[in-house]
Amino acid sequence: MRASMYAVSLLFTAPLWLGACSEDDADPCASRNISLTASITNAHEGENDGSLTANASGSAGFTFSIDGSNFQTSPTFSGLAAGTYTVTAKDGETCTASQQFTVDELADSQVSYDAQIRPIIEDVCWSCHKQAGQPGFPHADLSTDDKVKANASRINTEVQAGRMPKGGSLSSAEKAAIAAWVAEGAPVNN
């Protein structure tokens, strides 16, 4: 028997499961420009009372994660201590963007609620803004520390604009104390 030589040509066609690339298969996230910003409430010294509310743009259907936690529909993360956190936004197509945000630590309060703010509320505000008093803007009840804290921003706005208290104005020092107290997060435990 004589040995023969043959030329063989092989044509390899990739099976469909290997996937063929086309322009239609381009990364759907490449055209997205997802950006993240955040509104931050700083934490008091040694406390876990800071918060961060993320805002994502550049797509739709966002869910949010902080430091690799499970994604959630709410953009707000509370109970945060001072520190740097990585927030990830994922859109409805699973495209993601991440950004680091820092919750700063507030120094101990410089304004004493008990010594400076509560006396103003009791002396000047309670005649109109206590459960037994006349209804205020509209019907603001400042009869407890928690209710004063809940209305702190509004109290500051009205006092600084000179609309409260009715029939007079607070001194510059009292207005400054209220503004500083609100800027510190309106603590009522000092």
# chains A, B, ... in the order shown; residues from 1 in each chain; ligands from 1
$ residues_around --residues "Ser51 in chain A" --least-positions-apart "6" --cutoff "9 Å" --atoms "only C-alpha atoms" --output "ChimeraX atom specification"
/A:39-43,76-81,103
$ write_last_selection --atoms "N, CA and C atoms" --output "CSV table (one decimal), in the first residue's frame"
chain,number,residue,atom,x,y,z
A,39,SER,N,-27.4,64.8,49.3
A,39,SER,CA,-27.7,65.7,50.3
A,39,SER,C,-27.3,65.0,51.6
A,40,ILE,N,-26.5,65.7,52.4
A,40,ILE,CA,-25.9,65.0,53.6
A,40,ILE,C,-26.3,65.8,54.8
A,41,THR,N,-26.7,65.0,55.9
A,41,THR,CA,-26.8,65.6,57.2
A,41,THR,C,-25.7,65.0,58.0
A,42,ASN,N,-24.8,65.9,58.5
A,42,ASN,CA,-23.7,65.4,59.3
A,42,ASN,C,-24.1,64.8,60.6
A,43,ALA,N,-23.2,63.9,61.1
A,43,ALA,CA,-23.5,63.2,62.4
A,43,ALA,C,-22.9,64.0,63.6
A,76,THR,N,-32.4,57.2,50.5
A,76,THR,CA,-32.0,57.7,51.7
A,76,THR,C,-31.4,56.6,52.6
A,77,PHE,N,-30.2,57.0,53.2
A,77,PHE,CA,-29.5,56.1,54.1
A,77,PHE,C,-29.4,56.9,55.4
A,78,SER,N,-29.9,56.3,56.5
A,78,SER,CA,-29.9,57.0,57.8
A,78,SER,C,-29.1,56.2,58.8
A,79,GLY,N,-28.9,56.8,60.0
A,79,GLY,CA,-28.2,56.0,61.1
A,79,GLY,C,-26.7,56.0,60.8
A,80,LEU,N,-26.2,57.0,60.1
A,80,LEU,CA,-24.8,57.0,59.7
A,80,LEU,C,-23.9,57.7,60.7
A,81,ALA,N,-22.8,57.1,61.0
A,81,ALA,CA,-21.7,57.8,61.8
A,81,ALA,C,-20.9,58.7,60.8
A,103,VAL,N,-19.8,62.0,55.3
A,103,VAL,CA,-20.6,62.5,56.4
A,103,VAL,C,-19.6,63.0,57.4
$ residues_around --residues "range 186-189 of chain A" --least-positions-apart "3" --cutoff "12 Å" --atoms "only C-alpha atoms" --output "PyMOL selection string"
chain A and resi 43-44+49+106+108-118+144-156+177-183
$ write_last_selection --atoms "N, CA and C atoms" --output "mmCIF file, in the first residue's frame"
data_model
loop_
_atom_site.group_PDB
_atom_site.id
_atom_site.type_symbol
_atom_site.label_atom_id
_atom_site.label_comp_id
_atom_site.auth_asym_id
_atom_site.auth_seq_id
_atom_site.Cartn_x
_atom_site.Cartn_y
_atom_site.Cartn_z
ATOM 1 N N ALA A 43 -23.224 63.938 61.136
ATOM 2 C CA ALA A 43 -23.478 63.230 62.394
ATOM 3 C C ALA A 43 -22.880 64.003 63.563
ATOM 4 N N HIS A 44 -23.583 63.958 64.681
ATOM 5 C CA HIS A 44 -23.029 64.554 65.895
ATOM 6 C C HIS A 44 -21.882 63.680 66.400
ATOM 7 N N ASP A 49 -26.221 59.513 63.854
ATOM 8 C CA ASP A 49 -27.426 60.261 63.502
ATOM 9 C C ASP A 49 -27.273 61.051 62.205
ATOM 10 N N LEU A 106 -20.055 66.600 63.429
ATOM 11 C CA LEU A 106 -20.312 67.902 64.039
ATOM 12 C C LEU A 106 -19.634 67.957 65.398
ATOM 13 N N ASP A 108 -19.303 69.106 69.307
ATOM 14 C CA ASP A 108 -20.326 69.245 70.335
ATOM 15 C C ASP A 108 -21.029 70.577 70.162
ATOM 16 N N SER A 109 -22.293 70.589 70.476
ATOM 17 C CA SER A 109 -23.103 71.784 70.298
ATOM 18 C C SER A 109 -22.517 72.977 71.042
ATOM 19 N N GLN A 110 -22.519 74.099 70.374
ATOM 20 C CA GLN A 110 -22.042 75.337 70.978
ATOM 21 C C GLN A 110 -23.193 76.128 71.598
ATOM 22 N N VAL A 111 -24.415 75.739 71.243
ATOM 23 C CA VAL A 111 -25.596 76.411 71.781
ATOM 24 C C VAL A 111 -26.298 75.436 72.716
ATOM 25 N N SER A 112 -26.580 75.876 73.901
ATOM 26 C CA SER A 112 -27.279 75.034 74.862
ATOM 27 C C SER A 112 -28.782 75.233 74.712
ATOM 28 N N TYR A 113 -29.469 74.158 74.382
ATOM 29 C CA TYR A 113 -30.921 74.235 74.263
ATOM 30 C C TYR A 113 -31.537 74.632 75.604
ATOM 31 N N ASP A 114 -31.100 73.943 76.664
ATOM 32 C CA ASP A 114 -31.677 74.205 77.984
ATOM 33 C C ASP A 114 -31.420 75.630 78.463
ATOM 34 N N ALA A 115 -30.220 76.142 78.220
ATOM 35 C CA ALA A 115 -29.860 77.464 78.751
ATOM 36 C C ALA A 115 -30.225 78.615 77.823
ATOM 37 N N GLN A 116 -30.254 78.372 76.499
ATOM 38 C CA GLN A 116 -30.450 79.482 75.576
ATOM 39 C C GLN A 116 -31.741 79.423 74.768
ATOM 40 N N ILE A 117 -32.123 78.260 74.287
ATOM 41 C CA ILE A 117 -33.261 78.173 73.370
ATOM 42 C C ILE A 117 -34.581 77.968 74.107
ATOM 43 N N ARG A 118 -34.626 76.994 75.019
ATOM 44 C CA ARG A 118 -35.875 76.728 75.731
ATOM 45 C C ARG A 118 -36.414 77.978 76.430
ATOM 46 N N THR A 144 -43.611 70.733 73.591
ATOM 47 C CA THR A 144 -42.599 69.764 74.027
ATOM 48 C C THR A 144 -41.293 70.029 73.276
ATOM 49 N N ASP A 145 -40.208 69.528 73.839
ATOM 50 C CA ASP A 145 -38.911 69.693 73.180
ATOM 51 C C ASP A 145 -38.910 69.063 71.790
ATOM 52 N N ASP A 146 -39.530 67.895 71.654
ATOM 53 C CA ASP A 146 -39.574 67.233 70.350
ATOM 54 C C ASP A 146 -40.345 68.056 69.324
ATOM 55 N N LYS A 147 -41.406 68.710 69.759
ATOM 56 C CA LYS A 147 -42.181 69.554 68.839
ATOM 57 C C LYS A 147 -41.404 70.810 68.463
ATOM 58 N N VAL A 148 -40.626 71.336 69.400
ATOM 59 C CA VAL A 148 -39.771 72.487 69.092
ATOM 60 C C VAL A 148 -38.735 72.064 68.058
ATOM 61 N N LYS A 149 -38.104 70.907 68.269
ATOM 62 C CA LYS A 149 -37.095 70.407 67.325
ATOM 63 C C LYS A 149 -37.710 70.187 65.947
ATOM 64 N N ALA A 150 -38.899 69.595 65.901
ATOM 65 C CA ALA A 150 -39.559 69.326 64.620
ATOM 66 C C ALA A 150 -39.857 70.612 63.853
ATOM 67 N N ASN A 151 -40.043 71.707 64.557
ATOM 68 C CA ASN A 151 -40.354 72.997 63.928
ATOM 69 C C ASN A 151 -39.156 73.942 63.884
ATOM 70 N N ALA A 152 -37.966 73.452 64.200
ATOM 71 C CA ALA A 152 -36.788 74.313 64.345
ATOM 72 C C ALA A 152 -36.502 75.160 63.111
ATOM 73 N N SER A 153 -36.522 74.554 61.953
ATOM 74 C CA SER A 153 -36.221 75.302 60.727
ATOM 75 C C SER A 153 -37.250 76.401 60.492
ATOM 76 N N ARG A 154 -38.499 76.078 60.723
ATOM 77 C CA ARG A 154 -39.574 77.060 60.534
ATOM 78 C C ARG A 154 -39.480 78.178 61.574
ATOM 79 N N ILE A 155 -39.158 77.824 62.812
ATOM 80 C CA ILE A 155 -38.973 78.837 63.860
ATOM 81 C C ILE A 155 -37.880 79.804 63.428
ATOM 82 N N ASN A 156 -36.759 79.262 62.979
ATOM 83 C CA ASN A 156 -35.637 80.094 62.556
ATOM 84 C C ASN A 156 -36.040 81.020 61.407
ATOM 85 N N ALA A 177 -28.465 82.904 68.293
ATOM 86 C CA ALA A 177 -28.474 81.629 69.019
ATOM 87 C C ALA A 177 -29.408 80.633 68.338
ATOM 88 N N ILE A 178 -30.583 81.091 67.925
ATOM 89 C CA ILE A 178 -31.529 80.203 67.239
ATOM 90 C C ILE A 178 -30.941 79.729 65.914
ATOM 91 N N ALA A 179 -30.343 80.636 65.151
ATOM 92 C CA ALA A 179 -29.742 80.260 63.864
ATOM 93 C C ALA A 179 -28.621 79.239 64.061
ATOM 94 N N ALA A 180 -27.769 79.449 65.058
ATOM 95 C CA ALA A 180 -26.665 78.519 65.325
ATOM 96 C C ALA A 180 -27.200 77.166 65.788
ATOM 97 N N TRP A 181 -28.220 77.188 66.640
ATOM 98 C CA TRP A 181 -28.825 75.955 67.137
ATOM 99 C C TRP A 181 -29.401 75.132 65.976
ATOM 100 N N VAL A 182 -30.102 75.787 65.061
ATOM 101 C CA VAL A 182 -30.667 75.086 63.908
ATOM 102 C C VAL A 182 -29.545 74.545 63.020
ATOM 103 N N ALA A 183 -28.492 75.326 62.807
ATOM 104 C CA ALA A 183 -27.359 74.883 61.981
ATOM 105 C C ALA A 183 -26.664 73.664 62.579
#
$ atom_distance --atom1 "CA of Asn33 in chain A" --atom2 "CA of Phe64 in chain A"
16.3 Å
$ residues_around --residues "Pro28 in chain A" --least-positions-apart "6" --cutoff "10 Å" --atoms "only C-alpha atoms" --output "list in words"
Glu93, Thr94 and Cys95 of chain A
$ write_last_selection --atoms "C-alpha atoms" --output "compact mmCIF listing (two decimals), in the first residue's frame"
# COMPACT_ATOMS: atom_id res chain seq x y z
CA GLU A 93 -30.94 48.32 32.68
CA THR A 94 -28.48 47.38 35.50
CA CYS A 95 -26.05 50.12 34.51
$ residues_around --residues "Ile66 in chain A" --least-positions-apart "6" --cutoff "10 Å" --atoms "only C-alpha atoms" --output "short mmCIF file (atom, residue, chain, number, x, y, z; two decimals) with N, CA and C atoms, in the first residue's frame"
data_model
loop_
_atom_site.label_atom_id
_atom_site.label_comp_id
_atom_site.auth_asym_id
_atom_site.auth_seq_id
_atom_site.Cartn_x
_atom_site.Cartn_y
_atom_site.Cartn_z
N LEU A 52 -27.77 60.42 54.49
CA LEU A 52 -27.34 60.74 53.14
C LEU A 52 -28.49 60.38 52.22
N ALA A 54 -29.23 60.18 48.26
CA ALA A 54 -28.61 60.22 46.93
C ALA A 54 -29.60 60.72 45.89
N GLN A 72 -31.73 49.11 47.27
CA GLN A 72 -33.05 49.47 47.77
C GLN A 72 -33.62 50.58 46.90
N PRO A 75 -33.60 56.30 48.16
CA PRO A 75 -32.26 56.87 48.02
C PRO A 75 -31.66 57.35 49.34
N THR A 76 -32.40 57.16 50.45
CA THR A 76 -31.98 57.70 51.74
C THR A 76 -31.37 56.61 52.62
N PHE A 77 -30.22 56.95 53.20
CA PHE A 77 -29.54 56.07 54.14
C PHE A 77 -29.37 56.85 55.43
N TYR A 85 -18.55 57.11 52.65
CA TYR A 85 -19.40 56.03 52.17
C TYR A 85 -19.42 56.01 50.65
N THR A 86 -19.47 54.81 50.07
CA THR A 86 -19.59 54.66 48.62
C THR A 86 -21.03 54.33 48.30
N VAL A 87 -21.67 55.19 47.53
CA VAL A 87 -23.05 54.99 47.12
C VAL A 87 -23.04 54.56 45.65
N THR A 88 -23.80 53.52 45.35
CA THR A 88 -23.94 53.04 43.97
C THR A 88 -25.39 53.17 43.56
N ALA A 89 -25.60 53.74 42.38
CA ALA A 89 -26.93 53.82 41.79
C ALA A 89 -26.97 52.85 40.61
N SER A 98 -20.95 54.83 40.72
CA SER A 98 -20.64 54.92 42.15
C SER A 98 -19.92 56.22 42.44
N GLN A 99 -20.14 56.71 43.64
CA GLN A 99 -19.52 57.96 44.06
C GLN A 99 -19.31 57.88 45.57
N GLN A 100 -18.20 58.44 46.04
CA GLN A 100 -17.96 58.50 47.48
C GLN A 100 -18.47 59.83 48.03
#
$ residues_around --residues "Gly168 in chain A" --least-positions-apart "3" --cutoff "12 Å" --atoms "only C-alpha atoms" --output "MDAnalysis selection string"
chainID A and resid 124:125 159 161:165 171
$ closest_residue --among "A:Asp27, A:Glu184, A:Asp104, A:Asp141" --to "Gly83 in chain A" --atoms "only C-alpha atoms"
A:Asp104
$ closest_residue --among "A:Ser65, A:Asn70, A:Thr102, A:Ser127" --to "Gly50 in chain A" --atoms "only C-alpha atoms"
A:Thr102
